[in-house]
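Printed here is protein20.txt (compact mmCIF, C-alpha atoms):
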# COMPACT_ATOMS: atom_id res chain seq x y z
CA MET Y 1 115.30 19.65 100.01
CA ILE Y 2 117.70 20.22 102.83
CA THR Y 3 121.40 20.15 103.16
CA ILE Y 4 122.90 19.85 106.58
CA ARG Y 5 126.56 20.37 107.12
CA ILE Y 6 128.54 21.00 110.22
CA LEU Y 7 131.12 23.68 110.02
CA LEU Y 8 133.50 23.63 112.90
CA LEU Y 9 134.72 27.16 112.96
CA SER Y 10 136.82 29.13 115.28
CA PHE Y 11 135.53 32.64 115.12
CA LEU Y 12 138.80 33.96 116.45
CA THR Y 13 140.80 32.55 113.61
CA LEU Y 14 138.01 32.53 111.03
CA GLY Y 15 139.52 29.26 109.90
CA PHE Y 16 137.65 26.24 108.64
CA VAL Y 17 138.33 23.13 110.65
CA GLY Y 18 135.45 21.42 108.83
CA PRO Y 19 133.17 21.15 106.99
CA ALA Y 20 131.80 17.84 108.16
CA ARG Y 21 128.38 16.44 107.44
CA ALA Y 22 125.89 16.21 110.29
CA GLN Y 23 123.88 13.58 108.50
CA GLY Y 24 124.22 11.66 105.30
CA THR Y 25 122.72 14.31 103.05
CA ALA Y 26 125.02 15.49 100.36
CA GLY Y 27 125.30 19.21 99.90
CA ASN Y 28 125.14 20.75 96.47
CA GLN Y 29 127.12 23.68 95.16
CA ALA Y 30 124.25 26.14 95.63
CA ASP Y 31 123.85 25.21 99.29
CA ALA Y 32 127.59 25.45 99.86
CA GLU Y 33 127.47 28.96 98.42
CA ILE Y 34 124.56 29.89 100.70
CA GLU Y 35 126.52 28.63 103.72
CA LYS Y 36 129.41 30.88 102.79
CA GLU Y 37 127.15 33.88 102.34
CA VAL Y 38 125.37 33.36 105.65
CA LEU Y 39 128.54 32.72 107.61
CA LYS Y 40 130.02 35.90 106.16
CA VAL Y 41 127.03 37.86 107.46
CA GLU Y 42 127.26 36.03 110.80
CA HIS Y 43 130.91 37.08 111.15
CA GLN Y 44 130.04 40.67 110.23
CA LYS Y 45 127.34 40.61 112.89
CA ASP Y 46 129.73 39.22 115.51
CA GLU Y 47 132.36 41.81 114.70
CA ALA Y 48 129.72 44.53 114.99
CA LEU Y 49 128.68 43.15 118.39
CA ARG Y 50 132.29 43.26 119.58
CA ASN Y 51 132.71 46.80 118.31
CA ARG Y 52 129.21 47.87 119.42
CA ASP Y 53 128.61 48.99 115.86
CA VAL Y 54 124.88 49.51 116.08
CA ALA Y 55 124.61 50.86 112.52
CA VAL Y 56 125.86 47.58 111.05
CA LEU Y 57 123.63 45.54 113.35
CA ASP Y 58 120.66 47.64 112.32
CA GLN Y 59 121.28 46.66 108.68
CA ILE Y 60 121.66 42.94 109.41
CA TYR Y 61 118.81 42.56 111.91
CA ALA Y 62 115.28 42.33 110.55
CA ASP Y 63 112.95 44.95 112.00
CA ASP Y 64 110.72 42.27 113.46
CA LEU Y 65 113.60 40.28 114.93
CA ALA Y 66 112.53 37.57 117.41
CA PHE Y 67 115.25 37.49 120.06
CA VAL Y 68 115.15 35.32 123.19
CA ASN Y 69 118.03 35.87 125.56
CA ALA Y 70 119.68 33.38 127.93
CA ARG Y 71 117.24 34.37 130.71
CA GLY Y 72 114.27 33.40 128.53
CA LYS Y 73 113.20 36.96 127.90
CA VAL Y 74 111.85 38.08 124.53
CA ILE Y 75 113.32 41.39 123.45
CA THR Y 76 112.71 43.48 120.37
CA LYS Y 77 115.30 44.72 117.93
CA ALA Y 78 115.09 48.21 119.41
CA GLU Y 79 115.56 46.91 122.96
CA HIS Y 80 118.48 44.71 121.93
CA LEU Y 81 120.23 47.52 120.05
CA ASP Y 82 119.67 49.81 123.01
CA GLU Y 83 121.30 47.31 125.37
CA ILE Y 84 124.35 47.23 123.09
CA ARG Y 85 124.47 50.98 122.56
CA SER Y 86 124.21 51.68 126.28
CA GLY Y 87 126.81 49.07 127.24
CA GLN Y 88 124.31 46.98 129.22
CA ILE Y 89 125.57 44.12 127.05
CA ASN Y 90 129.31 44.28 126.63
CA TYR Y 91 131.27 41.49 124.96
CA LEU Y 92 134.64 41.20 126.72
CA SER Y 93 135.70 38.38 124.42
CA ARG Y 94 133.83 36.61 121.67
CA GLU Y 95 134.30 33.03 120.57
CA GLN Y 96 131.81 30.90 118.67
CA GLU Y 97 132.29 27.38 117.41
CA ASP Y 98 130.61 24.20 116.24
CA TYR Y 99 128.44 25.94 113.69
CA ARG Y 100 125.86 23.69 112.08
CA VAL Y 101 124.23 25.13 109.00
CA HIS Y 102 120.84 23.88 107.81
CA VAL Y 103 119.93 25.28 104.41
CA TRP Y 104 116.24 25.37 103.48
CA GLY Y 105 116.29 27.47 100.32
CA ASP Y 106 116.07 31.12 101.36
CA THR Y 107 115.89 30.20 105.04
CA VAL Y 108 118.97 29.12 106.93
CA VAL Y 109 119.00 27.72 110.46
CA LEU Y 110 122.33 28.05 112.20
CA THR Y 111 123.16 26.44 115.52
CA GLY Y 112 126.38 26.87 117.42
CA ARG Y 113 128.09 27.26 120.76
CA GLU Y 114 129.20 30.58 122.14
CA LYS Y 115 132.00 30.73 124.69
CA SER Y 116 132.15 34.48 124.84
CA VAL Y 117 132.71 36.32 128.07
CA LEU Y 118 130.16 39.05 128.41
CA GLU Y 119 129.04 41.61 130.88
CA TYR Y 120 125.27 41.79 131.17
CA HIS Y 121 123.89 44.64 133.26
CA GLY Y 122 127.16 44.77 135.21
CA LYS Y 123 127.48 41.04 135.83
CA VAL Y 124 130.20 39.05 134.06
CA THR Y 125 129.12 35.66 132.68
CA ARG Y 126 131.46 33.01 131.31
CA LEU Y 127 128.99 30.11 131.04
CA PRO Y 128 128.97 28.62 127.53
CA ARG Y 129 125.72 29.12 125.64
CA GLN Y 130 124.09 27.20 122.83
CA PHE Y 131 122.21 29.18 120.23
CA THR Y 132 119.88 28.86 117.28
CA THR Y 133 119.88 31.66 114.72
CA VAL Y 134 117.65 32.00 111.67
CA TYR Y 135 118.59 33.98 108.59
CA ILE Y 136 116.15 34.69 105.77
CA LYS Y 137 117.00 36.23 102.42
CA ARG Y 138 114.89 39.33 101.86
CA ASN Y 139 115.36 41.69 98.95
CA GLY Y 140 118.60 39.95 98.08
CA LYS Y 141 120.15 40.23 101.56
CA TRP Y 142 120.45 37.72 104.37
CA ARG Y 143 118.69 39.15 107.39
CA TYR Y 144 118.94 37.95 110.97
CA VAL Y 145 115.31 37.24 111.88
CA ALA Y 146 115.48 35.06 115.00
CA HIS Y 147 117.94 34.14 117.72
CA GLN Y 148 117.63 32.18 120.95
CA VAL Y 149 120.28 31.31 123.52
CA SER Y 150 120.36 28.69 126.30
CA PRO Y 151 123.08 28.30 128.94
CA VAL Y 152 124.91 24.98 128.47
CA VAL Y 153 124.45 22.86 131.58
CA ASP Y 154 123.98 19.38 130.03
CA GLN Y 155 126.89 17.76 128.21
CA MET O 1 104.32 40.86 109.78
CA GLN O 2 104.32 40.26 113.47
CA ARG O 3 101.58 39.89 115.96
CA ILE O 4 100.93 38.21 119.21
CA LEU O 5 98.43 35.46 119.72
CA LEU O 6 97.77 34.79 123.34
CA LEU O 7 96.76 31.18 123.50
CA SER O 8 95.92 28.79 126.22
CA PHE O 9 96.67 25.39 124.83
CA LEU O 10 94.63 23.69 127.51
CA ALA O 11 91.54 25.66 126.74
CA PHE O 12 92.27 25.87 123.01
CA ALA O 13 91.01 29.41 123.34
CA LEU O 14 92.14 32.28 121.20
CA VAL O 15 92.54 35.18 123.58
CA GLY O 16 94.36 37.37 121.04
CA PRO O 17 95.29 38.49 118.50
CA ALA O 18 96.94 41.71 119.56
CA GLY O 19 99.62 43.52 117.58
CA THR O 20 102.95 44.26 119.20
CA GLN O 21 103.61 47.01 116.76
CA GLU O 22 101.44 48.94 114.40
CA THR O 23 102.12 46.48 111.59
CA ALA O 24 99.06 45.35 109.67
CA VAL O 25 98.54 41.65 109.16
CA SER O 26 97.34 40.54 105.77
CA PRO O 27 94.59 37.94 105.34
CA ALA O 28 97.20 35.59 103.87
CA GLU O 29 99.34 35.91 107.00
CA THR O 30 96.33 35.37 109.23
CA ARG O 31 95.55 32.17 107.33
CA ILE O 32 99.15 31.00 107.66
CA GLU O 33 99.16 31.71 111.40
CA LYS O 34 96.04 29.59 111.79
CA GLU O 35 97.56 26.76 109.77
CA VAL O 36 100.73 26.78 111.86
CA LEU O 37 98.80 27.02 115.11
CA LYS O 38 96.83 23.93 114.08
CA VAL O 39 100.07 22.05 113.44
CA GLU O 40 101.48 23.26 116.76
CA GLU O 41 98.44 22.02 118.63
CA GLU O 42 98.55 18.71 116.83
CA ARG O 43 102.21 18.36 117.67
CA ASP O 44 101.63 19.28 121.33
CA GLN O 45 98.95 16.62 121.63
CA ALA O 46 101.24 14.08 119.96
CA LEU O 47 104.00 14.94 122.44
CA GLN O 48 101.68 14.34 125.36
CA LYS O 49 100.27 11.11 123.92
CA LEU O 50 103.66 9.96 122.66
CA ASP O 51 102.21 9.63 119.18
CA LEU O 52 105.45 9.08 117.30
CA PRO O 53 103.96 8.61 113.79
CA THR O 54 102.29 12.03 114.03
CA LEU O 55 105.49 13.61 115.31
CA ASP O 56 107.39 11.98 112.47
CA ARG O 57 105.00 13.58 109.99
CA LEU O 58 105.08 17.05 111.53
CA GLN O 59 108.82 17.20 112.17
CA ALA O 60 111.25 17.51 109.26
CA ASP O 61 113.99 14.93 108.87
CA GLY O 62 116.53 17.73 109.22
CA LEU O 63 115.03 18.89 112.54
CA VAL O 64 117.43 20.38 115.07
CA VAL O 65 116.36 20.75 118.72
CA VAL O 66 118.31 22.63 121.39
CA THR O 67 117.23 21.67 124.91
CA THR O 68 117.05 24.00 127.91
CA GLY O 69 120.36 22.49 129.02
CA GLY O 70 122.01 23.41 125.73
CA ARG O 71 122.08 19.92 124.21
CA VAL O 72 121.70 19.69 120.44
CA LEU O 73 119.52 16.82 119.23
CA ASP O 74 118.70 15.73 115.71
CA LYS O 75 115.33 14.20 114.87
CA ALA O 76 116.45 10.63 115.57
CA ARG O 77 117.93 11.47 118.98
CA TYR O 78 114.96 13.63 119.96
CA THR O 79 112.54 10.85 118.94
CA GLU O 80 114.57 8.35 120.93
CA GLU O 81 114.38 10.58 124.02
CA LEU O 82 110.59 10.47 123.70
CA ARG O 83 110.33 6.79 122.81
CA SER O 84 112.55 5.71 125.71
CA GLY O 85 110.69 7.87 128.22
CA GLY O 86 113.75 10.00 128.88
CA LEU O 87 111.58 13.00 128.03
CA LYS O 88 107.92 12.98 129.09
CA PHE O 89 105.40 15.79 128.87
CA LEU O 90 103.19 15.41 131.95
CA THR O 91 101.07 18.49 131.24
CA LEU O 92 101.04 20.92 128.33
CA ASP O 93 100.31 24.59 128.64
CA VAL O 94 101.61 26.97 125.98
CA VAL O 95 100.77 30.67 126.04
CA ASP O 96 101.89 33.96 124.53
CA ARG O 97 102.58 32.65 121.06
CA ARG O 98 103.98 35.27 118.69
CA TYR O 99 104.10 34.62 114.97
CA HIS O 100 106.55 36.01 112.44
CA VAL O 101 105.45 35.07 108.94
CA TYR O 102 107.99 35.14 106.10
CA GLY O 103 106.15 33.43 103.25
CA ASP O 104 106.71 29.70 103.59
CA THR O 105 108.76 30.13 106.77
CA VAL O 106 107.12 30.92 110.10
CA ILE O 107 108.89 31.64 113.36
CA VAL O 108 106.90 31.14 116.55
CA THR O 109 107.99 32.22 119.99
CA GLY O 110 106.02 31.35 123.09
CA ARG O 111 106.03 30.43 126.72
CA ALA O 112 105.58 26.82 127.85
CA ASN O 113 104.34 26.32 131.39
CA SER O 114 104.18 22.58 130.83
CA VAL O 115 105.42 20.15 133.45
CA LEU O 116 107.85 17.64 132.08
CA GLU O 117 110.03 14.82 133.31
CA TYR O 118 113.54 14.75 131.92
CA HIS O 119 115.54 11.65 132.78
CA GLY O 120 113.61 11.11 135.99
CA LYS O 121 113.65 14.70 137.16
CA ILE O 122 110.43 16.74 137.22
CA ASN O 123 110.80 20.21 135.75
CA ARG O 124 108.13 22.83 136.40
CA THR O 125 110.20 25.88 135.45
CA PRO O 126 108.52 27.87 132.65
CA ARG O 127 110.40 27.91 129.38
CA ARG O 128 110.57 30.33 126.47
CA PHE O 129 110.85 28.71 123.08
CA THR O 130 111.45 29.50 119.43
CA SER O 131 110.07 27.14 116.81
CA VAL O 132 110.72 27.39 113.09
CA TYR O 133 108.23 25.93 110.64
CA ILE O 134 108.74 25.61 106.90
CA LYS O 135 106.15 24.50 104.37
CA LEU O 136 107.54 21.46 102.61
CA GLN O 137 105.53 19.69 99.92
CA GLY O 138 102.36 21.37 101.16
CA GLN O 139 102.84 20.49 104.83
CA TRP O 140 104.10 22.77 107.61
CA ARG O 141 106.95 20.98 109.34
CA LEU O 142 109.00 21.86 112.38
CA VAL O 143 112.63 22.32 111.33
CA ALA O 144 114.11 23.89 114.49
CA HIS O 145 113.15 24.29 118.13
CA GLN O 146 115.00 25.74 121.10
CA ALA O 147 113.85 26.19 124.68
CA THR O 148 115.36 28.30 127.45
CA LEU O 149 114.42 28.29 131.12
CA ILE O 150 112.87 31.57 132.20
CA ALA O 151 114.97 33.09 134.95
CA GLU O 152 113.41 34.76 137.97
CA PRO O 153 113.10 38.51 137.43

Please, can you express the file's structure as structure tokens?
Amino acid sequence: MITIRILLLSFLTLGFVGPARAQGTAGNQADAEIEKEVLKVEHQKDEALRNRDVAVLDQIYADDLAFVNARGKVITKAEHLDEIRSGQINYLSREQEDYRVHVWGDTVVLTGREKSVLEYHGKVTRLPRQFTTVYIKRNGKWRYVAHQVSPVVDQ
Amino acid sequence: MQRILLLSFLAFALVGPAGTQETAVSPAETRIEKEVLKVEEERDQALQKLDLPTLDRLQADGLVVVTTGGRVLDKARYTEELRSGGLKFLTLDVVDRRYHVYGDTVIVTGRANSVLEYHGKINRTPRRFTSVYIKLQGQWRLVAHQATLIAEP
């Protein structure tokens, strides 16, 4: 039912260092294709965040996006897009790695580590963050429906 | 599609539902929310009682958990944390659950005011969480969970 694979990716180079399997489950061709599709959307989303391209983000984000930021605050899609548009969130550099892709049919759970440097309401933060992102295929398109971030303090 | 259920786990009382937006909730979605809430409550009780067989049933083999410290645990490592006493739930209090129903996938966000002990250290800081449930072979199972400490305003 599930395929779990770890893709060690450097966002900066967009190069595959993996894939490696997280557990013993063998991935089939369909799941491998889904991984590619979702990671393509994930990269488009990250590029849009860097460029503050709100129009692209609006297409990728589901309207009822569930977003929990690194301070444990729930924010809506509109609030999140407004923070980006206004520059309250400003990515100074963006680097994500250690993607782990869990394919559950038309639902994909993606975990990874973000080492981006960002400015949040005027304060620069460099602390690595671990995230979980959920994509769901709706009307033929992968939509970003949930995202949560936690600062990495335990190793 | 989305609505908020304000729940006190301790009282098992439904204080909501209240809609965050003007979106209407279908009877099917209401039924799914109730089913998932029941599983959540069962899982919360199992966490407190350290009922590992129940947790094994309610958590998918491909479960991924991200802790408040940013550690990534698979089902085996998470279960071992519980079994060994590295992670103990001393009290459980979950409120402000919000459900996002997408057919056989449900995303729940909420606030946990529970007190827990993590490797000998008591943690009373409230946490915000996201849980992802998927219906597999007729049973809602937790496939992903992440918690983040709620920072002071």

What are the closest atom pairs, with distances in Å to one decimal, for each residue of chain O lying within 8 Å of chain Y, using only C-alpha atoms, rows by chain and rising residue number, as JSON lines?
{"residue": "O:Met1", "atom": "CA", "partner": "Y:Asp64", "partner_atom": "CA", "distance": 7.5}
{"residue": "O:Gln2", "atom": "CA", "partner": "Y:Asp64", "partner_atom": "CA", "distance": 6.7}
{"residue": "O:Gly62", "atom": "CA", "partner": "Y:Ile2", "partner_atom": "CA", "distance": 7.0}
{"residue": "O:Val66", "atom": "CA", "partner": "Y:Gln130", "partner_atom": "CA", "distance": 7.5}
{"residue": "O:Thr67", "atom": "CA", "partner": "Y:Ser150", "partner_atom": "CA", "distance": 7.8}
{"residue": "O:Thr68", "atom": "CA", "partner": "Y:Ser150", "partner_atom": "CA", "distance": 6.0}
{"residue": "O:Gly69", "atom": "CA", "partner": "Y:Val153", "partner_atom": "CA", "distance": 4.8}
{"residue": "O:Gly70", "atom": "CA", "partner": "Y:Val152", "partner_atom": "CA", "distance": 4.3}
{"residue": "O:Arg71", "atom": "CA", "partner": "Y:Asp154", "partner_atom": "CA", "distance": 6.1}
{"residue": "O:His100", "atom": "CA", "partner": "Y:Asp64", "partner_atom": "CA", "distance": 7.6}
{"residue": "O:Thr105", "atom": "CA", "partner": "Y:Thr107", "partner_atom": "CA", "distance": 7.3}
{"residue": "O:Ile107", "atom": "CA", "partner": "Y:Ala146", "partner_atom": "CA", "distance": 7.6}
{"residue": "O:Thr109", "atom": "CA", "partner": "Y:Ala66", "partner_atom": "CA", "distance": 7.5}
{"residue": "O:Arg127", "atom": "CA", "partner": "Y:Gly72", "partner_atom": "CA", "distance": 6.8}
{"residue": "O:Arg128", "atom": "CA", "partner": "Y:Gly72", "partner_atom": "CA", "distance": 5.2}
{"residue": "O:Phe129", "atom": "CA", "partner": "Y:Val68", "partner_atom": "CA", "distance": 7.9}
{"residue": "O:Thr130", "atom": "CA", "partner": "Y:Gln148", "partner_atom": "CA", "distance": 6.9}
{"residue": "O:Ala144", "atom": "CA", "partner": "Y:Val109", "partner_atom": "CA", "distance": 7.4}
{"residue": "O:Gln146", "atom": "CA", "partner": "Y:Thr132", "partner_atom": "CA", "distance": 6.9}
{"residue": "O:Ala147", "atom": "CA", "partner": "Y:Ser150", "partner_atom": "CA", "distance": 7.2}
{"residue": "O:Thr148", "atom": "CA", "partner": "Y:Ser150", "partner_atom": "CA", "distance": 5.1}
{"residue": "O:Leu149", "atom": "CA", "partner": "Y:Gly72", "partner_atom": "CA", "distance": 5.7}
{"residue": "O:Ile150", "atom": "CA", "partner": "Y:Gly72", "partner_atom": "CA", "distance": 4.3}
{"residue": "O:Ala151", "atom": "CA", "partner": "Y:Arg71", "partner_atom": "CA", "distance": 5.0}

For the residues in the current selection, export C-alpha atoms as a PDB file, keeping the file's coordinate frame.
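The resulting file, selection05.pdb, is shown below:
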ATOM      1  CA  MET O   1     104.320  40.860 109.780  1.00  0.00           C
ATOM      2  CA  GLN O   2     104.320  40.260 113.470  1.00  0.00           C
ATOM      3  CA  GLY O  62     116.530  17.730 109.220  1.00  0.00           C
ATOM      4  CA  VAL O  66     118.310  22.630 121.390  1.00  0.00           C
ATOM      5  CA  THR O  67     117.230  21.670 124.910  1.00  0.00           C
ATOM      6  CA  THR O  68     117.050  24.000 127.910  1.00  0.00           C
ATOM      7  CA  GLY O  69     120.360  22.490 129.020  1.00  0.00           C
ATOM      8  CA  GLY O  70     122.010  23.410 125.730  1.00  0.00           C
ATOM      9  CA  ARG O  71     122.080  19.920 124.210  1.00  0.00           C
ATOM     10  CA  HIS O 100     106.550  36.010 112.440  1.00  0.00           C
ATOM     11  CA  THR O 105     108.760  30.130 106.770  1.00  0.00           C
ATOM     12  CA  ILE O 107     108.890  31.640 113.360  1.00  0.00           C
ATOM     13  CA  THR O 109     107.990  32.220 119.990  1.00  0.00           C
ATOM     14  CA  ARG O 127     110.400  27.910 129.380  1.00  0.00           C
ATOM     15  CA  ARG O 128     110.570  30.330 126.470  1.00  0.00           C
ATOM     16  CA  PHE O 129     110.850  28.710 123.080  1.00  0.00           C
ATOM     17  CA  THR O 130     111.450  29.500 119.430  1.00  0.00           C
ATOM     18  CA  ALA O 144     114.110  23.890 114.490  1.00  0.00           C
ATOM     19  CA  GLN O 146     115.000  25.740 121.100  1.00  0.00           C
ATOM     20  CA  ALA O 147     113.850  26.190 124.680  1.00  0.00           C
ATOM     21  CA  THR O 148     115.360  28.300 127.450  1.00  0.00           C
ATOM     22  CA  LEU O 149     114.420  28.290 131.120  1.00  0.00           C
ATOM     23  CA  ILE O 150     112.870  31.570 132.200  1.00  0.00           C
ATOM     24  CA  ALA O 151     114.970  33.090 134.950  1.00  0.00           C
TER      25      ALA O 151
END

Neighbouring residues of stretch 131-134 of chain O were defined as those with any atom within 6 Å, considering only C-alpha atoms; residues of the same chain fewer than 6 positions away were excluded. Please report them as a ChimeraX atom specification. /O:104-108,140-145

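Between atom CA of Y:Tyr91 and atom CA of Y:Tyr120 the separation is 8.6 Å.
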
Give me, as a short mmCIF file (atom, residue, chain, number, x, y, z; two decimals) with C-alpha atoms, keeping the file's coordinate frame, all polymer residues having an atom no more than 12 Å from O:Lys121, counting all atoms listed in the file and skipping those fewer than 6 positions away in the same chain.
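This is the output file out_0.cif:
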data_model
loop_
_atom_site.label_atom_id
_atom_site.label_comp_id
_atom_site.auth_asym_id
_atom_site.auth_seq_id
_atom_site.Cartn_x
_atom_site.Cartn_y
_atom_site.Cartn_z
CA GLY O 85 110.69 7.87 128.22
CA GLY O 86 113.75 10.00 128.88
CA LEU O 87 111.58 13.00 128.03
CA LYS O 88 107.92 12.98 129.09
CA PHE O 89 105.40 15.79 128.87
CA LEU O 90 103.19 15.41 131.95
CA VAL O 115 105.42 20.15 133.45
#

What's the 9 Å shell around Y:Arg94, counting only C-alpha atoms, without same-chain residues fewer than 3 positions away, as a PDB file with C-alpha atoms, keeping the file's coordinate frame?
ATOM      1  CA  PHE Y  11     135.530  32.640 115.120  1.00  0.00           C
ATOM      2  CA  LEU Y  12     138.800  33.960 116.450  1.00  0.00           C
ATOM      3  CA  ASP Y  46     129.730  39.220 115.510  1.00  0.00           C
ATOM      4  CA  GLU Y  47     132.360  41.810 114.700  1.00  0.00           C
ATOM      5  CA  LEU Y  49     128.680  43.150 118.390  1.00  0.00           C
ATOM      6  CA  ARG Y  50     132.290  43.260 119.580  1.00  0.00           C
ATOM      7  CA  TYR Y  91     131.270  41.490 124.960  1.00  0.00           C
ATOM      8  CA  GLU Y 114     129.200  30.580 122.140  1.00  0.00           C
ATOM      9  CA  LYS Y 115     132.000  30.730 124.690  1.00  0.00           C
ATOM     10  CA  SER Y 116     132.150  34.480 124.840  1.00  0.00           C
ATOM     11  CA  VAL Y 117     132.710  36.320 128.070  1.00  0.00           C
ATOM     12  CA  LEU Y 118     130.160  39.050 128.410  1.00  0.00           C
TER      13      LEU Y 118
END

Return the single residue from Y:Val41, Y:Val108, Y:Ile34, Y:Ile84 that is closest to Y:Val54, with distances computed using all atoms listed in the file. Y:Ile84

If we count all atoms listed in the file, what is near O:Leu47 at a cut-off of 12 Å, once residues fewer than 5 positions away on the same chain are taken out, given as a ChimeraX atom specification? /O:40-42,52-56,58-59,78-79,81-83,85,87-92,114,116

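Once all atoms listed in the file are considered, the residues situated within 12 Å of the file point (123.3, 47.1, 108.2) turn out to be Val41, Gln44, Lys45, Ala48, Asp53, Val54, Ala55, Val56, Leu57, Asp58, Gln59, Ile60, Tyr61, Ala62, Asp63, Lys141, Trp142, Arg143 and Tyr144 of chain Y.
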
Got a sec: who's within 9 Å of O:Glu33, counting all atoms listed in the file, leaving out chain neighbours fewer than 2 positions off, as an MDAnalysis selection string? chainID O and resid 28:31 35:38 99:101 106

Enclose the full set of atoms of stretch 38-54 of chain Y listed in the file within a box whose edges lie along x, y and z, apply 5 Å of padding to each of the six sides, and report centre and edge lengths in Å to one decimal as lines of an AutoDock Vina configuration file.
center_x = 128.8
center_y = 41.1
center_z = 112.6
size_x = 17.8
size_y = 26.8
size_z = 23.9

Could you jot down the atom CA of Y:Lys40 to atom CA of O:Lys75 separation for me, Å, one decimal place?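 Distance between the two atoms: 27.6 Å.
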
So the first atom is atom CA of O:Gln137 and the second is atom CA of Y:Gly105; what is the distance between them in Å, to one decimal place? 13.3 Å
